[in-house]
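Student: File run08.pdb below, PDB, C-alpha atoms and all ligand atoms:
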```pdb
ATOM      1  CA  MET Y   1    -251.914 -29.176  63.520
ATOM      2  CA  SER Y   2    -252.653 -27.964  67.049
ATOM      3  CA  ASN Y   3    -250.564 -28.953  70.042
ATOM      4  CA  LYS Y   4    -252.515 -31.653  71.872
ATOM      5  CA  THR Y   5    -252.685 -32.376  75.613
ATOM      6  CA  GLU Y   6    -249.578 -32.534  77.808
ATOM      7  CA  LYS Y   7    -249.335 -36.315  77.323
ATOM      8  CA  ASN Y   8    -249.962 -36.419  73.598
ATOM      9  CA  LYS Y   9    -248.117 -33.478  72.116
ATOM     10  CA  VAL Y  10    -247.228 -33.055  68.468
ATOM     11  CA  ASP Y  11    -243.540 -33.803  67.793
ATOM     12  CA  ARG Y  12    -241.834 -30.522  66.896
ATOM     13  CA  LEU Y  13    -238.576 -31.343  68.745
ATOM     14  CA  PHE Y  14    -236.332 -30.815  65.730
ATOM     15  CA  LYS Y  15    -238.152 -27.816  64.283
ATOM     16  CA  GLU Y  16    -235.526 -25.520  65.760
ATOM     17  CA  SER Y  17    -232.116 -26.675  66.871
ATOM     18  CA  LYS Y  18    -232.188 -28.016  70.456
ATOM     19  CA  GLN Y  19    -228.960 -28.811  72.255
ATOM     20  CA  ASP Y  20    -230.461 -31.383  74.649
ATOM     21  CA  LEU Y  21    -231.390 -33.588  71.708
ATOM     22  CA  PHE Y  22    -227.869 -33.858  70.306
ATOM     23  CA  PRO Y  23    -227.161 -36.760  70.638
ATOM     24  CA  PHE Y  24    -230.683 -38.217  70.641
ATOM     25  CA  LYS Y  25    -231.851 -39.430  74.070
ATOM     26  CA  PHE Y  26    -235.104 -40.937  75.300
ATOM     27  CA  ASN Y  27    -235.570 -38.060  77.778
ATOM     28  CA  GLN Y  28    -238.688 -36.281  79.059
ATOM     29  CA  SER Y  29    -239.066 -34.129  75.892
ATOM     30  CA  VAL Y  30    -239.120 -37.273  73.737
ATOM     31  CA  VAL Y  31    -241.500 -39.075  76.123
ATOM     32  CA  ASP Y  32    -243.947 -36.131  75.891
ATOM     33  CA  VAL Y  33    -244.220 -36.473  72.099
ATOM     34  CA  PHE Y  34    -243.489 -40.189  71.758
ATOM     35  CA  PRO Y  35    -246.891 -41.470  70.516
ATOM     36  CA  ASP Y  36    -246.945 -38.818  67.774
ATOM     37  CA  MET Y  37    -243.233 -39.276  66.961
ATOM     38  CA  ILE Y  38    -243.339 -43.058  66.573
ATOM     39  CA  ASN Y  39    -246.516 -43.045  64.479
ATOM     40  CA  ARG Y  40    -245.277 -40.334  62.104
ATOM     41  CA  SER Y  41    -241.751 -41.824  61.872
ATOM     42  CA  VAL Y  42    -242.056 -45.611  61.689
ATOM     43  CA  PRO Y  43    -243.957 -46.914  58.656
ATOM     44  CA  GLY Y  44    -246.344 -49.662  59.730
ATOM     45  CA  TYR Y  45    -245.851 -49.117  63.470
ATOM     46  CA  THR Y  46    -249.530 -49.711  64.373
ATOM     47  CA  THR Y  47    -249.707 -52.757  62.100
ATOM     48  CA  ILE Y  48    -246.545 -54.228  63.660
ATOM     49  CA  VAL Y  49    -247.781 -53.691  67.224
ATOM     50  CA  ASP Y  50    -251.141 -55.271  66.364
ATOM     51  CA  GLY Y  51    -249.414 -58.110  64.457
ATOM     52  CA  ILE Y  52    -247.205 -58.881  67.469
ATOM     53  CA  GLY Y  53    -250.354 -59.291  69.582
ATOM     54  CA  ARG Y  54    -251.847 -61.668  67.030
ATOM     55  CA  VAL Y  55    -248.633 -63.732  66.718
ATOM     56  CA  SER Y  56    -248.170 -63.825  70.505
ATOM     57  CA  ARG Y  57    -251.279 -66.024  71.035
ATOM     58  CA  ARG Y  58    -249.488 -68.877  69.257
ATOM     59  CA  PHE Y  59    -246.645 -68.835  71.772
ATOM     60  CA  THR Y  60    -248.433 -68.355  75.081
ATOM     61  CA  ASP Y  61    -250.291 -70.646  77.410
ATOM     62  CA  THR Y  62    -252.073 -69.832  80.655
ATOM     63  CA  SER Y  63    -249.000 -69.180  82.761
ATOM     64  CA  SER Y  64    -246.522 -67.878  80.193
ATOM     65  CA  ARG Y  65    -243.900 -65.254  80.870
ATOM     66  CA  VAL Y  66    -243.326 -62.740  78.065
ATOM     67  CA  TYR Y  67    -240.662 -60.029  77.750
ATOM     68  CA  ASP Y  68    -241.149 -56.653  76.029
ATOM     69  CA  LEU Y  69    -237.596 -55.276  75.816
ATOM     70  CA  GLY Y  70    -237.296 -51.510  75.331
ATOM     71  CA  CYS Y  71    -241.037 -51.195  75.977
ATOM     72  CA  SER Y  72    -241.254 -47.343  75.739
ATOM     73  CA  LEU Y  73    -244.904 -46.605  76.634
ATOM     74  CA  GLY Y  74    -245.925 -50.276  76.681
ATOM     75  CA  ASN Y  75    -247.826 -50.530  73.387
ATOM     76  CA  VAL Y  76    -246.475 -54.028  72.613
ATOM     77  CA  SER Y  77    -247.287 -55.270  76.135
ATOM     78  CA  LEU Y  78    -250.829 -53.904  75.836
ATOM     79  CA  SER Y  79    -251.308 -55.502  72.412
ATOM     80  CA  ILE Y  80    -250.152 -58.881  73.767
ATOM     81  CA  ALA Y  81    -252.459 -58.508  76.777
ATOM     82  CA  LYS Y  82    -255.382 -57.628  74.487
ATOM     83  CA  TYR Y  83    -254.891 -60.722  72.308
ATOM     84  CA  ASN Y  84    -254.484 -63.114  75.258
ATOM     85  CA  VAL Y  85    -257.691 -62.537  77.190
ATOM     86  CA  GLY Y  86    -258.317 -65.412  79.613
ATOM     87  CA  LYS Y  87    -254.634 -66.199  80.082
ATOM     88  CA  ALA Y  88    -252.856 -64.993  83.211
ATOM     89  CA  LEU Y  89    -249.657 -64.009  81.446
ATOM     90  CA  THR Y  90    -246.826 -62.212  83.175
ATOM     91  CA  ILE Y  91    -245.495 -59.557  80.830
ATOM     92  CA  GLU Y  92    -242.157 -58.048  81.846
ATOM     93  CA  ALA Y  93    -241.973 -54.602  80.205
ATOM     94  CA  ILE Y  94    -238.404 -53.301  80.475
ATOM     95  CA  ASP Y  95    -236.901 -49.916  79.619
ATOM     96  CA  ASN Y  96    -233.783 -48.054  80.771
ATOM     97  CA  SER Y  97    -235.198 -44.530  80.364
ATOM     98  CA  PRO Y  98    -236.590 -43.334  83.742
ATOM     99  CA  ALA Y  99    -238.949 -40.880  81.998
ATOM    100  CA  MET Y 100    -240.318 -43.654  79.722
ATOM    101  CA  VAL Y 101    -240.825 -46.024  82.654
ATOM    102  CA  THR Y 102    -242.788 -43.435  84.659
ATOM    103  CA  ARG Y 103    -245.066 -42.640  81.700
ATOM    104  CA  CYS Y 104    -245.343 -46.332  80.759
ATOM    105  CA  LYS Y 105    -246.658 -47.211  84.224
ATOM    106  CA  GLU Y 106    -249.360 -44.512  83.909
ATOM    107  CA  HIS Y 107    -250.271 -45.639  80.382
ATOM    108  CA  VAL Y 108    -250.451 -49.365  81.163
ATOM    109  CA  GLY Y 109    -252.292 -48.662  84.431
ATOM    110  CA  ALA Y 110    -255.172 -47.100  82.480
ATOM    111  CA  TYR Y 111    -256.088 -50.525  80.995
ATOM    112  CA  ASN Y 112    -257.512 -53.601  82.647
ATOM    113  CA  TYR Y 113    -256.474 -56.913  81.067
ATOM    114  CA  ASP Y 114    -256.028 -60.416  82.496
ATOM    115  CA  ALA Y 115    -252.271 -60.165  81.982
ATOM    116  CA  PHE Y 116    -250.054 -58.819  84.718
ATOM    117  CA  ILE Y 117    -247.823 -56.192  83.088
ATOM    118  CA  GLN Y 118    -244.812 -55.512  85.278
ATOM    119  CA  VAL Y 119    -243.001 -52.360  84.146
ATOM    120  CA  GLN Y 120    -239.354 -52.345  85.214
ATOM    121  CA  HIS Y 121    -236.543 -49.835  84.916
ATOM    122  CA  ALA Y 122    -233.567 -51.928  83.751
ATOM    123  CA  ASP Y 123    -230.838 -52.095  81.127
ATOM    124  CA  ILE Y 124    -231.421 -55.101  78.907
ATOM    125  CA  THR Y 125    -227.658 -55.577  78.457
ATOM    126  CA  ALA Y 126    -227.433 -56.401  82.185
ATOM    127  CA  LEU Y 127    -230.804 -58.093  82.653
ATOM    128  CA  GLU Y 128    -231.022 -61.658  83.970
ATOM    129  CA  PHE Y 129    -233.815 -63.366  82.071
ATOM    130  CA  GLN Y 130    -236.153 -65.917  83.591
ATOM    131  CA  ALA Y 131    -237.628 -68.816  81.611
ATOM    132  CA  CYS Y 132    -240.140 -67.426  79.095
ATOM    133  CA  SER Y 133    -242.149 -68.414  76.057
ATOM    134  CA  LEU Y 134    -241.957 -65.172  74.037
ATOM    135  CA  VAL Y 135    -239.528 -62.252  73.811
ATOM    136  CA  VAL Y 136    -240.298 -59.107  71.810
ATOM    137  CA  ILE Y 137    -237.638 -56.533  71.048
ATOM    138  CA  ASN Y 138    -239.464 -53.937  68.961
ATOM    139  CA  PHE Y 139    -237.045 -51.301  67.535
ATOM    140  CA  THR Y 140    -234.661 -51.447  70.508
ATOM    141  CA  LEU Y 141    -231.628 -53.548  69.486
ATOM    142  CA  GLN Y 142    -230.643 -50.745  67.072
ATOM    143  CA  PHE Y 143    -229.976 -48.506  70.120
ATOM    144  CA  ILE Y 144    -227.647 -51.052  71.805
ATOM    145  CA  ASN Y 145    -223.893 -50.951  71.283
ATOM    146  CA  PRO Y 146    -223.267 -53.402  68.381
ATOM    147  CA  SER Y 147    -220.579 -55.230  70.363
ATOM    148  CA  LEU Y 148    -223.235 -56.213  72.958
ATOM    149  CA  ARG Y 149    -225.945 -57.379  70.547
ATOM    150  CA  GLN Y 150    -224.889 -61.026  70.135
ATOM    151  CA  ALA Y 151    -224.750 -61.542  73.918
ATOM    152  CA  ILE Y 152    -228.344 -60.261  74.273
ATOM    153  CA  ILE Y 153    -229.653 -62.569  71.553
ATOM    154  CA  ASP Y 154    -227.711 -65.498  73.122
ATOM    155  CA  LYS Y 155    -229.285 -64.742  76.527
ATOM    156  CA  ILE Y 156    -232.757 -64.579  74.966
ATOM    157  CA  TYR Y 157    -232.224 -67.937  73.241
ATOM    158  CA  ALA Y 158    -231.035 -69.525  76.490
ATOM    159  CA  SER Y 159    -234.052 -68.255  78.464
ATOM    160  CA  LEU Y 160    -236.688 -69.281  75.901
ATOM    161  CA  GLU Y 161    -238.537 -72.523  76.521
ATOM    162  CA  PRO Y 162    -238.388 -75.008  73.607
ATOM    163  CA  GLY Y 163    -241.030 -73.971  71.090
ATOM    164  CA  GLY Y 164    -240.793 -70.345  72.278
ATOM    165  CA  ALA Y 165    -240.279 -67.383  69.945
ATOM    166  CA  LEU Y 166    -238.388 -64.149  69.530
ATOM    167  CA  ILE Y 167    -239.876 -61.233  67.586
ATOM    168  CA  LEU Y 168    -237.224 -58.727  66.550
ATOM    169  CA  SER Y 169    -238.213 -55.500  64.767
ATOM    170  CA  GLU Y 170    -235.546 -53.145  63.413
ATOM    171  CA  LYS Y 171    -234.849 -50.371  60.956
ATOM    172  CA  ILE Y 172    -232.291 -51.960  58.620
ATOM    173  CA  SER Y 173    -229.558 -50.959  56.184
ATOM    174  CA  ALA Y 174    -229.964 -52.428  52.719
ATOM    175  CA  SER Y 175    -227.137 -54.579  51.390
ATOM    176  CA  SER Y 176    -226.278 -52.279  48.453
ATOM    177  CA  ASP Y 177    -225.694 -48.510  48.511
ATOM    178  CA  SER Y 178    -228.235 -47.884  45.755
ATOM    179  CA  MET Y 179    -230.990 -49.882  47.511
ATOM    180  CA  ASP Y 180    -230.119 -48.192  50.808
ATOM    181  CA  SER Y 181    -230.510 -44.727  49.200
ATOM    182  CA  LEU Y 182    -233.847 -45.742  47.679
ATOM    183  CA  LEU Y 183    -235.282 -47.040  50.985
ATOM    184  CA  ILE Y 184    -233.981 -44.033  52.973
ATOM    185  CA  ASP Y 185    -235.476 -41.710  50.384
ATOM    186  CA  LEU Y 186    -238.855 -43.490  50.533
ATOM    187  CA  HIS Y 187    -238.773 -43.287  54.347
ATOM    188  CA  HIS Y 188    -238.024 -39.544  54.230
ATOM    189  CA  GLU Y 189    -240.889 -39.057  51.773
ATOM    190  CA  PHE Y 190    -243.145 -40.912  54.267
ATOM    191  CA  LYS Y 191    -241.991 -38.504  57.022
ATOM    192  CA  ARG Y 192    -242.539 -35.420  54.814
ATOM    193  CA  GLU Y 193    -246.057 -36.630  54.018
ATOM    194  CA  ASN Y 194    -246.605 -36.931  57.776
ATOM    195  CA  GLY Y 195    -245.769 -33.260  58.234
ATOM    196  CA  TYR Y 196    -242.046 -33.238  59.041
ATOM    197  CA  SER Y 197    -239.979 -30.564  57.288
ATOM    198  CA  ASP Y 198    -236.652 -31.288  55.569
ATOM    199  CA  LEU Y 199    -234.910 -29.487  58.477
ATOM    200  CA  GLU Y 200    -236.649 -31.670  61.070
ATOM    201  CA  ILE Y 201    -235.767 -34.815  59.119
ATOM    202  CA  SER Y 202    -232.121 -33.871  58.706
ATOM    203  CA  GLN Y 203    -231.644 -32.640  62.298
ATOM    204  CA  LYS Y 204    -233.113 -35.828  63.737
ATOM    205  CA  ARG Y 205    -230.928 -37.869  61.406
ATOM    206  CA  THR Y 206    -227.836 -36.058  62.733
ATOM    207  CA  ALA Y 207    -228.952 -36.574  66.355
ATOM    208  CA  LEU Y 208    -229.390 -40.305  65.709
ATOM    209  CA  GLU Y 209    -225.893 -40.751  64.219
ATOM    210  CA  ASN Y 210    -223.804 -43.043  66.481
ATOM    211  CA  VAL Y 211    -226.914 -43.598  68.662
ATOM    212  CA  MET Y 212    -229.017 -45.726  66.336
ATOM    213  CA  ILE Y 213    -226.656 -48.068  64.483
ATOM    214  CA  LEU Y 214    -228.331 -50.216  61.855
ATOM    215  CA  ASP Y 215    -227.513 -53.756  60.741
ATOM    216  CA  THR Y 216    -228.467 -55.440  57.486
ATOM    217  CA  LEU Y 217    -231.081 -58.198  57.387
ATOM    218  CA  LYS Y 218    -228.205 -60.637  56.735
ATOM    219  CA  GLN Y 219    -226.420 -59.538  59.926
ATOM    220  CA  HIS Y 220    -229.611 -59.978  61.972
ATOM    221  CA  LYS Y 221    -230.230 -63.452  60.544
ATOM    222  CA  GLN Y 222    -226.614 -64.495  61.140
ATOM    223  CA  ARG Y 223    -226.773 -63.307  64.762
ATOM    224  CA  LEU Y 224    -230.014 -65.226  65.365
ATOM    225  CA  GLU Y 225    -228.623 -68.367  63.726
ATOM    226  CA  GLN Y 226    -225.403 -68.114  65.719
ATOM    227  CA  ALA Y 227    -227.509 -68.075  68.899
ATOM    228  CA  GLY Y 228    -229.248 -71.310  67.806
ATOM    229  CA  PHE Y 229    -232.469 -70.107  66.139
ATOM    230  CA  GLU Y 230    -233.332 -71.944  62.926
ATOM    231  CA  HIS Y 231    -234.965 -70.292  59.902
ATOM    232  CA  PRO Y 232    -235.551 -66.737  61.212
ATOM    233  CA  SER Y 233    -238.172 -65.219  58.872
ATOM    234  CA  VAL Y 234    -239.370 -61.731  58.024
ATOM    235  CA  TRP Y 235    -243.113 -61.463  58.742
ATOM    236  CA  PHE Y 236    -243.391 -57.683  58.108
ATOM    237  CA  GLN Y 237    -241.507 -55.134  56.022
ATOM    238  CA  HIS Y 238    -242.307 -51.578  54.923
ATOM    239  CA  PHE Y 239    -239.355 -49.782  53.274
ATOM    240  CA  ASN Y 240    -236.368 -50.124  55.665
ATOM    241  CA  PHE Y 241    -238.444 -51.162  58.681
ATOM    242  CA  MET Y 242    -238.939 -54.872  59.237
ATOM    243  CA  SER Y 243    -239.797 -57.483  61.812
ATOM    244  CA  LEU Y 244    -238.413 -61.005  62.122
ATOM    245  CA  ILE Y 245    -239.730 -64.038  63.935
ATOM    246  CA  ALA Y 246    -237.413 -66.819  65.118
ATOM    247  CA  ILE Y 247    -238.462 -69.979  66.948
ATOM    248  CA  LYS Y 248    -236.419 -72.066  69.339
ATOM    249  CA  GLN Y 249    -236.869 -75.610  68.043
ATOM    250  CA  ASP Y 250    -238.683 -77.971  70.329
ATOM    251  CA  ILE Y 251    -236.455 -81.003  69.793
ATOM    252  CA  ALA Y 252    -238.469 -83.309  72.078
ATOM    253  CA  ASN Y 253    -241.689 -82.442  70.234
ATOM    254  CA  ASP Y 254    -240.012 -82.863  66.854
ATOM    255  CA  LEU Y 255    -238.906 -86.366  67.836
ATOM    256  CA  LEU Y 256    -242.409 -87.228  69.071
ATOM    257  CA  ASN Y 257    -243.983 -86.030  65.826
ATOM    258  CA  ALA Y 258    -241.392 -87.618  63.548
ATOM    259  CA  PRO Y 259    -242.688 -90.491  61.375
ATOM    260  CA  GLN Y 260    -241.920 -93.793  63.092
ATOM    261  CA  LEU Y 261    -239.571 -96.100  61.233
ATOM    262  CA  THR Y 262    -241.079 -99.561  61.001
ATOM    263  CA  GLU Y 263    -239.195-102.716  60.159
ATOM    264  CA  SER Y 264    -240.332-104.320  56.926
TER
HETATM  265  N1  LIG T   1    -230.098 -50.783  77.021
HETATM  266  C1  LIG T   1    -231.419 -50.578  77.063
HETATM  267  N2  LIG T   1    -232.179 -51.228  77.979
HETATM  268  C2  LIG T   1    -233.527 -51.012  78.039
HETATM  269  N3  LIG T   1    -234.188 -50.183  77.203
HETATM  270  C3  LIG T   1    -233.451 -49.526  76.278
HETATM  271  C4  LIG T   1    -232.055 -49.686  76.159
HETATM  272  N4  LIG T   1    -231.608 -48.872  75.162
HETATM  273  C5  LIG T   1    -232.689 -48.223  74.667
HETATM  274  N5  LIG T   1    -233.799 -48.608  75.348
HETATM  275  C6  LIG T   1    -235.184 -48.147  75.142
HETATM  276  O1  LIG T   1    -235.633 -48.678  73.919
HETATM  277  C7  LIG T   1    -236.716 -47.900  73.441
HETATM  278  C8  LIG T   1    -236.589 -47.735  71.934
HETATM  279  S1  LIG T   1    -238.101 -47.234  71.155
HETATM  280  C9  LIG T   1    -238.978 -48.786  71.267
HETATM  281  C10 LIG T   1    -240.405 -48.735  70.846
HETATM  282  C11 LIG T   1    -241.289 -49.676  71.648
HETATM  283  N6  LIG T   1    -240.732 -51.023  71.724
HETATM  284  C12 LIG T   1    -242.666 -49.698  71.066
HETATM  285  O2  LIG T   1    -243.059 -50.727  70.449
HETATM  286  O3  LIG T   1    -243.366 -48.678  71.200
HETATM  287  C13 LIG T   1    -237.678 -47.218  69.477
HETATM  288  C14 LIG T   1    -237.816 -45.949  68.797
HETATM  289  O4  LIG T   1    -238.227 -44.974  69.420
HETATM  290  O5  LIG T   1    -237.486 -45.910  67.518
HETATM  291  C15 LIG T   1    -236.655 -46.569  74.199
HETATM  292  O6  LIG T   1    -237.787 -46.428  75.047
HETATM  293  C16 LIG T   1    -235.360 -46.642  74.991
HETATM  294  O7  LIG T   1    -235.410 -45.972  76.243
HETATM  295  O1  LIG T   2    -237.457 -41.043  62.946
HETATM  296  C1  LIG T   2    -236.665 -41.732  62.327
HETATM  297  O2  LIG T   2    -236.040 -41.261  61.359
HETATM  298  C2  LIG T   2    -236.460 -43.141  62.627
HETATM  299  O3  LIG T   2    -235.643 -43.740  62.027
HETATM  300  C3  LIG T   2    -237.282 -43.862  63.646
HETATM  301  C4  LIG T   2    -237.231 -43.406  65.053
HETATM  302  C5  LIG T   2    -238.436 -43.246  65.731
HETATM  303  C6  LIG T   2    -238.433 -42.804  67.050
HETATM  304  C7  LIG T   2    -237.233 -42.537  67.688
HETATM  305  C8  LIG T   2    -236.024 -42.711  67.015
HETATM  306  C9  LIG T   2    -236.024 -43.168  65.699
END
```
Before we go any further, please render this structure as structure tokens.
Ligand SMILES: Nc1ncnc2c1ncn2[C@@H]1O[C@H](C[S@+](CC[C@H]([NH3+])C(=O)[O-])CC(=O)[O-])[C@@H](O)[C@H]1O
Ligand SMILES: O=C(O)C(=O)Cc1ccccc1
Tutor:
Amino acid sequence: MSNKTEKNKVDRLFKESKQDLFPFKFNQSVVDVFPDMINRSVPGYTTIVDGIGRVSRRFTDTSSRVYDLGCSLGNVSLSIAKYNVGKALTIEAIDNSPAMVTRCKEHVGAYNYDAFIQVQHADITALEFQACSLVVINFTLQFINPSLRQAIIDKIYASLEPGGALILSEKISASSDSMDSLLIDLHHEFKRENGYSDLEISQKRTALENVMILDTLKQHKQRLEQAGFEHPSVWFQHFNFMSLIAIKQDIANDLLNAPQLTES
């Protein structure tokens, strides 16, 4: 594989040991290889990003506000914009890595959709959310300190309009050790088939220790239910990578649509 252009380089960051990547950070070196890294490392990434765009249409109207939390280079925002042609959405694309935000602005600026994608440098643990109809957090919660995760989900629930949705994608731990080993092994096989060596796989794994802390599906569902979401459901899973959708019930609508009781 040849090294591509400056902005789309092949990920060889863990080929030899590199001190600035221990622990793993979303710095300039990662930004430079990010498209290649995410596609070769996350099974189903393109399908998930496209699926989020398709799902988004069901939760947006002409003037909706949408959040893309931990947007990286803005792929989710662009997918939502692509699937909502004709609607003047405001998409708030948020990331706390300065290098990501700079590259994200360039990337998003190269497209011309009806949506207004506002790329912002901010930490989602400190962000004040405005009323919105859809929040996407695609492989970002796993990088947040676990003690802060419930508060983020609570804030998202509070800011969603009734009938609005949260899409949460995460790498997960399985609930038994044997299933966890199987899924990790299948993921590593996927990475080897995509050209990563055993050394690259193991060095990146070490760099991600204590940086990317995984929950089980049960923990994610419990957190969503504690915030008030009912029936969070998995809409995508490939090995240990999955995406959940959770809807904030529209109580007023439910009452309107409920069968009327008539006196006999
Ligand atoms: N506290 C934080 N506040 C804001 N951003 C954060 C925070 N912590 C980490 N990030 C940002 O979350 C992103 C996680 S990558 C998301 C992929 C993207 N969603 C995609 O659909 O391409 C996942 C991955 O690379 O596996 C990085 O850009 C971090 O800078
Ligand atoms: O590469 C891995 O092993 C992963 O688990 C996914 C990932 C993808 C991009 C940055 C960090 C983690």
Student: Leaving out segment 106-112 of chain Y and any residue of its chain fewer than 5 positions from it, which residues lie within 12 Å of it when counting all atoms listed in the file, given as a list in words?
Tutor: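 Residues near the query, excluding close chain neighbours: Lys7, Asn8, Val31, Pro35, Cys71, Ser72, Leu73, Gly74, Asn75, Val76, Ser77, Leu78, Ser79, Ala81, Lys82, Val85, Ile91, Ala93, Ala99, Met100, Val101, Ile117, Gln118 and Val119 of chain Y.
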Student: Give as a ChimeraX atom specification the residues that the PyMOL selection byres (((chain Y and resi 248) around 6) and not hetatm) matches when applied to the coordinates above.
Tutor: /Y:162-164,229,247,249
Student: Taking all atoms listed in the file into account, which of Y:Leu256, Y:Leu224, Y:Leu141, Y:Leu127 comes nearest ligand LIG 2 (chain T)?
Tutor: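 Among the listed residues, the smallest separation from ligand LIG 2 (chain T) belongs to Y:Leu141.
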Student: Taking into account only C-alpha atoms, which residue in the set Y:Arg65, Y:Lys25, Y:His187, Y:Lys204 is nearest to Phe129 of chain Y?
Tutor: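 Checking each candidate against Phe129 of chain Y, we get Y:Arg65 as the closest.
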Student: Could you check how far atom O6 of ligand LIG 1 (chain T) sits from atom CA of Cys104 of chain Y, in Å to one decimal?
Tutor: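 Taking atom O6 of ligand LIG 1 (chain T) as the start and atom CA of Cys104 of chain Y as the end point, the length is 9.5 Å.
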Student: Expand the PyMOL selection byres (((chain Y and resi 125) around 8) and not hetatm) into the explicit residue set it covers here, and present it as number ranges by chain.
Tutor: Y: 123-124, 126-127, 148, 152
Student: Neighbours of ligand LIG 2 (chain T) within 7 Å, counting only C-alpha atoms and all ligand atoms, as a list in words?
Tutor: Met37, Ile38, Ser41, Val42, Lys171, Ile201, Lys204 and Arg205 of chain Y
Student: Neighbours of segment 9-12 of chain Y within 10 Å (only C-alpha atoms; same-chain residues fewer than 6 positions away dropped), as a VMD selection string?
Tutor: chain Y and resid 1 to 3 29 to 38 40 195 to 197 200
Student: For ligand LIG 1 (chain T), which residue out of Y:Phe116, Y:Phe139, Y:Phe59, Y:Tyr83 is the nearest one, using all atoms listed in the file?
Tutor: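 Ranking Y:Phe116, Y:Phe139, Y:Phe59, Y:Tyr83 by distance to ligand LIG 1 (chain T), first place goes to Y:Phe139.
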Student: Which one of Y:Tyr113, Y:Phe236, Y:Phe143, Y:Phe22 sits closest to ligand LIG 1 (chain T) if you count all atoms listed in the file?
Tutor: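 When distances to ligand LIG 1 (chain T) are compared using all atoms listed in the file, the smallest one comes from Y:Phe143.
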Student: Between atom CA of Gln120 of chain Y and atom CA of Gln28 of chain Y, measure the distance and give it in Å to one decimal.
Tutor: 17.2 Å
Student: Rank Y:Pro43, Y:Ser64, Y:Phe239, Y:Lys105 by their smallest atom-to-atom distance to Leu182 of chain Y, using only C-alpha atoms, and report the top residue only.
Tutor: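 Ranked by minimum distance to Leu182 of chain Y, first place goes to Y:Phe239.
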Student: To one decimal in Å, tell me the separation between atom CA of Ala252 of chain Y and atom CA of Leu69 of chain Y.
Tutor: 28.3 Å
Student: Which one is closest to ligand LIG 1 (chain T): Y:Leu183, Y:Ile213, Y:Leu255, Y:Cys132? Count only C-alpha atoms and all ligand atoms.
Tutor: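 Of all the options, Y:Ile213 lies closest to ligand LIG 1 (chain T).
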Student: Using only C-alpha atoms, which residues sit within 7 Å of Ala122 of chain Y once same-chain residues fewer than 3 positions away are excluded, as a VMD selection string?
Tutor: chain Y and resid 94 to 96 127
Student: Expand the PyMOL selection byres (((chain Y and resi 136) around 6) and not hetatm) into the individual residues it matches in the shown file, reporting them as a PDB file with C-alpha atoms, keeping the file's coordinate frame.
Tutor:
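That gives us selection_2.pdb:
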```pdb
ATOM      1  CA  ASP Y  68    -241.149 -56.653  76.029  1.00  0.00           C
ATOM      2  CA  VAL Y 135    -239.528 -62.252  73.811  1.00  0.00           C
ATOM      3  CA  ILE Y 137    -237.638 -56.533  71.048  1.00  0.00           C
ATOM      4  CA  ASN Y 138    -239.464 -53.937  68.961  1.00  0.00           C
ATOM      5  CA  LEU Y 166    -238.388 -64.149  69.530  1.00  0.00           C
ATOM      6  CA  ILE Y 167    -239.876 -61.233  67.586  1.00  0.00           C
TER       7      ILE Y 167
END
```
Student: Could you name the residues that touch Gln237 of chain Y at 12 Å or less, counting only C-alpha atoms, but leaving out those on the same chain fewer than 6 positions away, as a list in words?
Tutor: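 In the requested format, the answer is Val42, Pro43, Gly44, Tyr45, Thr47, Ile48, Gly51, Leu168, Ser169, Glu170, Lys171, Ile172, Leu183, Leu217, Ser243 and Leu244 of chain Y.
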Student: Any idea what's packed within 7 Å of Ala227 of chain Y, counting all atoms listed in the file, ignoring anything in its chain fewer than 4 positions away? Could you give it as a list of chain:residue names?
Tutor: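 The contact residues come out as Y:Ile153, Y:Asp154, Y:Tyr157, Y:Arg223.
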